[in-house]
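A quick write-up on the structure given underneath.
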Amino acid sequence: MAEPYSVGHRIRFYREHLGWSQTQLARKVALSQKQLSRIEQSQVMDLSRDLVILIGRALKQPLINGELNQWLYHFGYRGYVEPLLDLPDEYRLWLSRFDPFPAALLDIGWFLRDWNMTMARLFQVPQGALQGLERNLIVQLFAPDALLAEQWPKELLTRMLHRLLVQWQPYENEPWLTRLKDDISRRTKIPWETLINTYCQALMGTIPSTSEVVVLRAHDDHRILRFRSNLVPVPNRPDLIITHYYPIDVVTEKWCWQDFSG
């Protein structure tokens, strides 16, 4: 019998929740029914990282809620990250906790997965207005015809791009990262190396801050707004991070509250 809360027990739980037999799941992950049965009974103590990911992806829910990464950590592996993975149902609740201040959900590829109403108002980009590669923050910052283009000072662009490079460093050999860099280069019409050399050469080797001052102009009334940005990781989802802005002066705080205070 599987141990309570063991990885094998949890695999069986999700399989049965889907109404699948052992044979059905085994076929999806290229195992025999007997091999899967041994895994579910915790008789296999050393699963490969690729197999753990394959099982988690097949069951889907442990990938979405982050339990797949708990399984990987259990076996001593690093977490699974990739851009545009499915989001948990509660992700909008995460963002709403920062109301009435701006907040956005980014993934490891720096795709803007969603943002709250204050962030939408700040950039005049409604929720859901960006699709495909246009959701990528690097595209929005550096493509001259993007909706957010030319809104950021070069110093801030430099710091943000440097932080991205440090964040991507552990994944340099991942196929998704190579594809993404190529896609960004084609969309922005700036070769990736040119982009890095132009903005980040002087900062290479330094540790970027996760908190910085952001100065922007409000689109609705042209006031200058000053925020301090902060990054909040999402537990068991190393592919996701919330970036949020806290006002650092009275003018900015009043602007944030004005649509919420009636």
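All residue names refer to the structure tokens as shown: chains lettered A, B, ... in order, residues numbered from 1 in each chain, ligands numbered from 1 in order.
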
Notebook entry, point to check: as a ChimeraX atom specification, which residues of region 4-150 of chain A does DSSP assign to strand (DSSP E)?
Noted result: /A:103-107,112-115

Item checked: Length of the CA of Asn136 (chain A) to CA of Leu164 (chain A) vector [Å] -> 12.2 Å

Next item on the list: Determine, counting only C-alpha atoms, which protein, DNA and RNA residues have an atom within 6 Å of an atom of Gly8 (chain A); residues of the same chain fewer than 3 positions away are not included. Present the result as a ChimeraX atom specification.
Entry: /A:11,39-42

Check: Residues at most 10 Å from Gln22 (chain A), counting only C-alpha atoms, excluding those fewer than 4 positions away in the same chain, as a VMD selection string?
Finding: chain A and resid 12 15 to 16 26 to 27 31 to 37 40

Check: Quick one: residues within 9 Å of Arg121 (chain A), only C-alpha atoms counted, chain neighbours fewer than 5 positions away excluded, as a list of chain:residue names?
Finding: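 Using only C-alpha atoms, the neighbours found are A:Pro102, A:Asn116, A:Pro126, A:Ala218, A:His219, A:Asp220.
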
I need the chosen residues saved as a PDB file, in the first residue's frame, with N, CA and C atoms.
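Saved file again14.pdb follows:
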```
ATOM      1  N   PRO A 102      -1.342  48.856  -8.855  1.00  0.00           N
ATOM      2  CA  PRO A 102      -1.114  48.045 -10.058  1.00  0.00           C
ATOM      3  C   PRO A 102      -0.384  46.745  -9.756  1.00  0.00           C
ATOM      4  N   ASN A 116      -4.239  43.477 -13.147  1.00  0.00           N
ATOM      5  CA  ASN A 116      -5.468  43.964 -12.519  1.00  0.00           C
ATOM      6  C   ASN A 116      -5.941  45.265 -13.178  1.00  0.00           C
ATOM      7  N   PRO A 126      -6.369  47.307 -21.921  1.00  0.00           N
ATOM      8  CA  PRO A 126      -7.370  46.503 -21.212  1.00  0.00           C
ATOM      9  C   PRO A 126      -6.906  45.062 -21.018  1.00  0.00           C
ATOM     10  N   ALA A 218       0.644  59.212 -15.974  1.00  0.00           N
ATOM     11  CA  ALA A 218      -0.711  58.672 -16.064  1.00  0.00           C
ATOM     12  C   ALA A 218      -1.335  59.090 -17.393  1.00  0.00           C
ATOM     13  N   HIS A 219      -1.892  58.136 -18.115  1.00  0.00           N
ATOM     14  CA  HIS A 219      -2.480  58.442 -19.417  1.00  0.00           C
ATOM     15  C   HIS A 219      -3.766  59.253 -19.291  1.00  0.00           C
ATOM     16  N   ASP A 220      -4.498  59.052 -18.190  1.00  0.00           N
ATOM     17  CA  ASP A 220      -5.816  59.688 -18.122  1.00  0.00           C
ATOM     18  C   ASP A 220      -5.756  61.159 -17.737  1.00  0.00           C
TER      19      ASP A 220
END
```

Notebook entry, point to check: Please, which residues of region 138-235 of chain A, numbered as in this document, come out helix (DSSP H, G or I) from DSSP, as number ranges by chain?
Noted result: A: 138-142, 154-171, 175-188, 192-199, 201-203

Next item on the list: Select, from A:Arg10, A:Arg186, A:Arg179, A:Arg217, the residue with the minimum atom-to-atom distance to Pro153 (chain A), counting only C-alpha atoms.
Entry: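 Ranking A:Arg10, A:Arg186, A:Arg179, A:Arg217 by distance to Pro153 (chain A), first place goes to A:Arg217.
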